[in-house]
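Just protein.pdb here, PDB, C-alpha atoms:
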ATOM      1  CA  MET T  19       0.000   0.000   0.000  1.00  0.00           C
ATOM      2  CA  ARG T  20       2.824   2.447   0.877  1.00  0.00           C
ATOM      3  CA  LEU T  21       4.608   1.646  -2.358  1.00  0.00           C
ATOM      4  CA  ARG T  22       1.439   2.412  -4.305  1.00  0.00           C
ATOM      5  CA  ARG T  23       0.990   5.756  -2.515  1.00  0.00           C
ATOM      6  CA  PHE T  24       4.624   6.597  -3.207  1.00  0.00           C
ATOM      7  CA  ARG T  25       4.192   5.833  -6.919  1.00  0.00           C
ATOM      8  CA  VAL T  26       1.040   7.957  -7.108  1.00  0.00           C
ATOM      9  CA  CYS T  27       2.762  10.858  -5.343  1.00  0.00           C
ATOM     10  CA  ALA T  28       5.794  10.518  -7.618  1.00  0.00           C
ATOM     11  CA  MET T  29       3.609  10.509 -10.748  1.00  0.00           C
ATOM     12  CA  VAL T  30       1.646  13.538  -9.575  1.00  0.00           C
ATOM     13  CA  SER T  31       4.891  15.386  -8.813  1.00  0.00           C
ATOM     14  CA  VAL T  32       6.303  14.601 -12.249  1.00  0.00           C
ATOM     15  CA  LEU T  33       3.077  15.697 -13.946  1.00  0.00           C
ATOM     16  CA  LEU T  34       3.013  18.975 -12.005  1.00  0.00           C
ATOM     17  CA  LEU T  35       6.656  19.614 -12.869  1.00  0.00           C
ATOM     18  CA  LEU T  36       6.083  18.896 -16.562  1.00  0.00           C
ATOM     19  CA  THR T  37       3.013  21.118 -16.606  1.00  0.00           C
ATOM     20  CA  ALA T  38       4.897  23.965 -14.953  1.00  0.00           C
ATOM     21  CA  CYS T  39       7.881  23.638 -17.296  1.00  0.00           C
ATOM     22  CA  SER T  40       5.876  23.324 -20.492  1.00  0.00           C
ATOM     23  CA  GLY T  41       3.973  26.590 -20.116  1.00  0.00           C
ATOM     24  CA  SER T  42       5.331  29.377 -22.264  1.00  0.00           C
ATOM     25  CA  ARG T  43       6.738  32.334 -20.396  1.00  0.00           C
ATOM     26  CA  PRO T  44       6.406  35.710 -22.022  1.00  0.00           C
ATOM     27  CA  SER T  45       9.677  37.423 -22.816  1.00  0.00           C
ATOM     28  CA  HIS T  46       9.389  40.112 -20.196  1.00  0.00           C
ATOM     29  CA  LEU T  47      12.299  42.060 -18.777  1.00  0.00           C
ATOM     30  CA  ILE T  48      11.376  41.903 -15.119  1.00  0.00           C
ATOM     31  CA  THR T  49      11.415  38.147 -14.569  1.00  0.00           C
ATOM     32  CA  MET T  50      13.827  38.098 -11.662  1.00  0.00           C
ATOM     33  CA  SER T  51      13.603  34.709 -10.023  1.00  0.00           C
ATOM     34  CA  PRO T  52      14.166  34.022  -6.350  1.00  0.00           C
ATOM     35  CA  ILE T  53      17.377  32.404  -5.201  1.00  0.00           C
ATOM     36  CA  THR T  54      17.355  29.140  -3.331  1.00  0.00           C
ATOM     37  CA  GLY T  55      20.423  29.786  -1.266  1.00  0.00           C
ATOM     38  CA  ALA T  56      21.881  29.463   2.173  1.00  0.00           C
ATOM     39  CA  VAL T  57      19.718  32.019   3.976  1.00  0.00           C
ATOM     40  CA  ALA T  58      17.246  30.126   6.155  1.00  0.00           C
ATOM     41  CA  ASP T  59      15.322  33.256   7.043  1.00  0.00           C
ATOM     42  CA  ASP T  60      15.099  36.862   5.995  1.00  0.00           C
ATOM     43  CA  SER T  61      15.333  38.411   9.442  1.00  0.00           C
ATOM     44  CA  GLY T  62      17.996  41.012   8.754  1.00  0.00           C
ATOM     45  CA  ASP T  63      17.262  44.713   8.921  1.00  0.00           C
ATOM     46  CA  ARG T  64      17.594  45.693   5.254  1.00  0.00           C
ATOM     47  CA  ARG T  65      17.929  49.368   6.174  1.00  0.00           C
ATOM     48  CA  VAL T  66      21.661  48.765   6.710  1.00  0.00           C
ATOM     49  CA  LEU T  67      21.904  48.295   2.932  1.00  0.00           C
ATOM     50  CA  ALA T  68      20.438  51.737   2.154  1.00  0.00           C
ATOM     51  CA  GLY T  69      22.698  54.294   0.558  1.00  0.00           C
ATOM     52  CA  ASP T  70      25.317  54.506  -2.138  1.00  0.00           C
ATOM     53  CA  TRP T  71      27.843  51.732  -2.738  1.00  0.00           C
ATOM     54  CA  ASP T  72      30.860  51.418  -5.028  1.00  0.00           C
ATOM     55  CA  TYR T  73      30.693  48.160  -6.959  1.00  0.00           C
ATOM     56  CA  GLU T  74      34.207  47.208  -8.041  1.00  0.00           C
ATOM     57  CA  GLU T  75      34.859  44.557 -10.663  1.00  0.00           C
ATOM     58  CA  LEU T  76      36.728  45.693 -13.775  1.00  0.00           C
ATOM     59  CA  ALA T  77      35.557  49.260 -13.186  1.00  0.00           C
ATOM     60  CA  THR T  78      33.693  51.025 -10.400  1.00  0.00           C
ATOM     61  CA  VAL T  79      29.925  51.487 -10.709  1.00  0.00           C
ATOM     62  CA  LEU T  80      27.695  53.400  -8.283  1.00  0.00           C
ATOM     63  CA  LEU T  81      24.817  51.396  -6.754  1.00  0.00           C
ATOM     64  CA  SER T  82      22.021  53.345  -5.043  1.00  0.00           C
ATOM     65  CA  LEU T  83      19.845  51.310  -2.675  1.00  0.00           C
ATOM     66  CA  ASP T  84      16.699  52.188  -0.746  1.00  0.00           C
ATOM     67  CA  GLU T  85      15.753  51.025   2.770  1.00  0.00           C
ATOM     68  CA  THR T  86      14.456  47.697   1.436  1.00  0.00           C
ATOM     69  CA  GLY T  87      17.760  46.883  -0.274  1.00  0.00           C
ATOM     70  CA  ASN T  88      16.402  47.554  -3.763  1.00  0.00           C
ATOM     71  CA  GLY T  89      17.863  50.038  -6.187  1.00  0.00           C
ATOM     72  CA  THR T  90      19.527  50.961  -9.439  1.00  0.00           C
ATOM     73  CA  TYR T  91      22.887  51.348 -11.095  1.00  0.00           C
ATOM     74  CA  GLY T  92      23.930  53.178 -14.244  1.00  0.00           C
ATOM     75  CA  TRP T  93      25.541  50.319 -16.191  1.00  0.00           C
ATOM     76  CA  LYS T  94      23.055  49.177 -18.870  1.00  0.00           C
ATOM     77  CA  LYS T  95      20.110  50.660 -16.884  1.00  0.00           C
ATOM     78  CA  GLY T  96      20.595  48.156 -14.078  1.00  0.00           C
ATOM     79  CA  HIS T  97      18.247  47.239 -11.234  1.00  0.00           C
ATOM     80  CA  LEU T  98      18.951  45.323  -8.019  1.00  0.00           C
ATOM     81  CA  ARG T  99      16.450  43.553  -5.780  1.00  0.00           C
ATOM     82  CA  THR T 100      17.226  42.051  -2.379  1.00  0.00           C
ATOM     83  CA  VAL T 101      15.690  38.603  -2.021  1.00  0.00           C
ATOM     84  CA  ALA T 102      17.083  37.604   1.377  1.00  0.00           C
ATOM     85  CA  PHE T 103      19.204  39.223   4.058  1.00  0.00           C
ATOM     86  CA  SER T 104      20.260  37.606   7.315  1.00  0.00           C
ATOM     87  CA  GLY T 105      23.274  38.343   9.487  1.00  0.00           C
ATOM     88  CA  LEU T 106      26.022  39.330   7.069  1.00  0.00           C
ATOM     89  CA  HIS T 107      24.679  37.259   4.156  1.00  0.00           C
ATOM     90  CA  TRP T 108      22.855  39.113   1.368  1.00  0.00           C
ATOM     91  CA  GLU T 109      21.189  37.543  -1.668  1.00  0.00           C
ATOM     92  CA  GLY T 110      19.540  39.275  -4.566  1.00  0.00           C
ATOM     93  CA  THR T 111      18.762  39.536  -8.228  1.00  0.00           C
ATOM     94  CA  TRP T 112      19.950  41.961 -10.884  1.00  0.00           C
ATOM     95  CA  LEU T 113      18.565  43.036 -14.240  1.00  0.00           C
ATOM     96  CA  GLN T 114      20.086  45.091 -17.052  1.00  0.00           C
ATOM     97  CA  GLU T 115      17.448  46.517 -19.382  1.00  0.00           C
ATOM     98  CA  GLU T 116      19.782  47.732 -22.140  1.00  0.00           C
ATOM     99  CA  ASN T 117      21.420  44.373 -22.844  1.00  0.00           C
ATOM    100  CA  ASP T 118      18.462  42.168 -21.774  1.00  0.00           C
ATOM    101  CA  ARG T 119      20.297  40.164 -19.103  1.00  0.00           C
ATOM    102  CA  GLU T 120      19.527  39.170 -15.558  1.00  0.00           C
ATOM    103  CA  GLY T 121      20.909  37.032 -12.801  1.00  0.00           C
ATOM    104  CA  ASN T 122      21.528  36.532  -9.113  1.00  0.00           C
ATOM    105  CA  PHE T 123      24.176  37.604  -6.640  1.00  0.00           C
ATOM    106  CA  VAL T 124      25.368  36.791  -3.128  1.00  0.00           C
ATOM    107  CA  VAL T 125      27.450  39.006  -0.847  1.00  0.00           C
ATOM    108  CA  GLU T 126      29.157  38.406   2.487  1.00  0.00           C
ATOM    109  CA  LEU T 127      29.383  41.727   4.310  1.00  0.00           C
ATOM    110  CA  THR T 128      31.889  42.813   6.938  1.00  0.00           C
ATOM    111  CA  PRO T 129      30.587  43.067  10.536  1.00  0.00           C
ATOM    112  CA  ASP T 130      30.319  46.871  10.290  1.00  0.00           C
ATOM    113  CA  PHE T 131      28.330  46.617   6.997  1.00  0.00           C
ATOM    114  CA  SER T 132      30.808  48.934   5.245  1.00  0.00           C
ATOM    115  CA  GLU T 133      32.178  46.440   2.689  1.00  0.00           C
ATOM    116  CA  GLY T 134      31.499  43.072   1.184  1.00  0.00           C
ATOM    117  CA  ASP T 135      32.742  40.478  -1.250  1.00  0.00           C
ATOM    118  CA  GLY T 136      30.359  38.791  -3.629  1.00  0.00           C
ATOM    119  CA  ARG T 137      29.782  36.797  -6.738  1.00  0.00           C
ATOM    120  CA  TRP T 138      27.204  37.079  -9.510  1.00  0.00           C
ATOM    121  CA  TRP T 139      25.901  34.820 -12.259  1.00  0.00           C
ATOM    122  CA  TYR T 140      23.472  34.868 -15.164  1.00  0.00           C
ATOM    123  CA  THR T 141      19.988  33.372 -15.076  1.00  0.00           C
ATOM    124  CA  ARG T 142      18.958  34.779 -18.450  1.00  0.00           C
ATOM    125  CA  ILE T 143      20.606  36.359 -21.489  1.00  0.00           C
ATOM    126  CA  GLY T 144      17.941  37.468 -23.959  1.00  0.00           C
ATOM    127  CA  ASP T 145      15.717  34.456 -24.620  1.00  0.00           C
ATOM    128  CA  ASP T 146      18.290  32.004 -23.252  1.00  0.00           C
ATOM    129  CA  ARG T 147      17.042  30.932 -19.812  1.00  0.00           C
ATOM    130  CA  ALA T 148      19.927  28.509 -19.221  1.00  0.00           C
ATOM    131  CA  PRO T 149      22.997  30.531 -20.190  1.00  0.00           C
ATOM    132  CA  THR T 150      26.407  28.945 -19.911  1.00  0.00           C
ATOM    133  CA  ALA T 151      28.210  32.292 -19.717  1.00  0.00           C
ATOM    134  CA  LYS T 152      30.124  32.660 -16.482  1.00  0.00           C
ATOM    135  CA  GLY T 153      29.555  35.377 -13.937  1.00  0.00           C
ATOM    136  CA  GLY T 154      32.191  36.949 -11.766  1.00  0.00           C
ATOM    137  CA  THR T 155      33.275  38.230  -8.393  1.00  0.00           C
ATOM    138  CA  PHE T 156      33.139  41.766  -7.036  1.00  0.00           C
ATOM    139  CA  HIS T 157      33.834  43.949  -4.034  1.00  0.00           C
ATOM    140  CA  LEU T 158      31.414  46.488  -2.518  1.00  0.00           C
ATOM    141  CA  SER T 159      32.365  49.558  -0.478  1.00  0.00           C
ATOM    142  CA  ARG T 160      29.876  51.885   1.151  1.00  0.00           C
ATOM    143  CA  ARG T 161      30.279  55.463  -0.017  1.00  0.00           C
ATOM    144  CA  THR T 162      30.691  57.982   2.755  1.00  0.00           C
ATOM    145  CA  SER T 163      29.606  61.579   2.635  1.00  0.00           C
ATOM    146  CA  SER T 164      32.928  62.895   3.897  1.00  0.00           C
ATOM    147  CA  LEU T 165      34.394  65.985   2.274  1.00  0.00           C
ATOM    148  CA  SER T 166      37.104  65.601  -0.308  1.00  0.00           C
ATOM    149  CA  ALA T 167      40.408  67.440   0.131  1.00  0.00           C
ATOM    150  CA  SER T 168      39.337  70.135  -2.361  1.00  0.00           C
ATOM    151  CA  GLU T 169      36.077  70.955  -0.576  1.00  0.00           C
ATOM    152  CA  THR T 170      35.880  73.619   2.083  1.00  0.00           C
ATOM    153  CA  PRO T 171      33.608  72.839   5.022  1.00  0.00           C
ATOM    154  CA  PRO T 172      30.825  75.360   5.743  1.00  0.00           C
ATOM    155  CA  ALA T 173      31.477  78.059   8.359  1.00  0.00           C
ATOM    156  CA  PRO T 174      30.139  77.255  11.862  1.00  0.00           C
TER     157      PRO T 174
END
Let me see the file written as structure tokens.
Amino acid sequence: MRLRRFRVCAMVSVLLLLTACSGSRPSHLITMSPITGAVADDSGDRRVLAGDWDYEELATVLLSLDETGNGTYGWKKGHLRTVAFSGLHWEGTWLQEENDREGNFVVELTPDFSEGDGRWWYTRIGDDRAPTAKGGTFHLSRRTSSLSASETPPAP
């Protein structure tokens, strides 16, 4: 009897999976998928992510994030979305409108939330939803609002 129940459950699972996979998905830019990663919960206070960050890979790009950890960047009209944040572990998705690409990222932040090291990868390039192109690694640094050497502070 248990074996029969197991077979029925297995067949139903396979049918549901095939049904879900066979449906056509419209080619829509904002299709960011959630990450199934190491974060067991999303209990972190995302407000610590708010502000401007320098993203350093081959060049430096400014990321601007709101209090929910979502934001934009200038390279290829990019968008970031935080999916999970717990402790020092941050997971999210990215999308670039101009070159029709999207993917996921993970970052491990320093205890003071001022820097982090991460990696990114593709989940879609154009219509290709299983790209083999590799991602990369990056470093984040929080931008501070300190005055540069050429700026004169206001009079007291």
(message) Applying the PyMOL selection byres ((chain T and resi 60) around 10) to the file I just gave you, which residues come out? Please list them as a PyMOL selection string.
(response) chain T and resi 57-59+61-64+101-105+107-109
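Once the PyMOL selection byres ((chain T and resi 88) around 10) is applied to the depicted file, the selected set reads T:Arg64, T:Leu67, T:Ala68, T:Leu81, T:Ser82, T:Leu83, T:Asp84, T:Glu85, T:Thr86, T:Gly87, T:Gly89, T:Thr90, T:His97, T:Leu98, T:Arg99, T:Thr100, T:Val101, T:Gly110, T:Thr111, T:Trp112.
Taking atom CA of T:Glu120 and atom CA of T:Ser132 as endpoints, the distance between them is 25.6 Å.
Atom CA of T:Phe131 to atom CA of T:Gln114 spans 25.5 Å [interatomic distance, one decimal].
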(message) For the provided coordinates, the residues matched by the PyMOL selection byres ((chain T and resi 118) around 9) should be stated as a VMD selection string.
(response) chain T and resid 47 94 113 to 117 119 to 120 142 to 145
(request) Using all atoms listed in the file, pick whichever of T:Arg161, T:Glu126, T:Gly121, T:Gly134 has the shortest atom-to-atom distance to T:Asp146. (result) T:Gly121
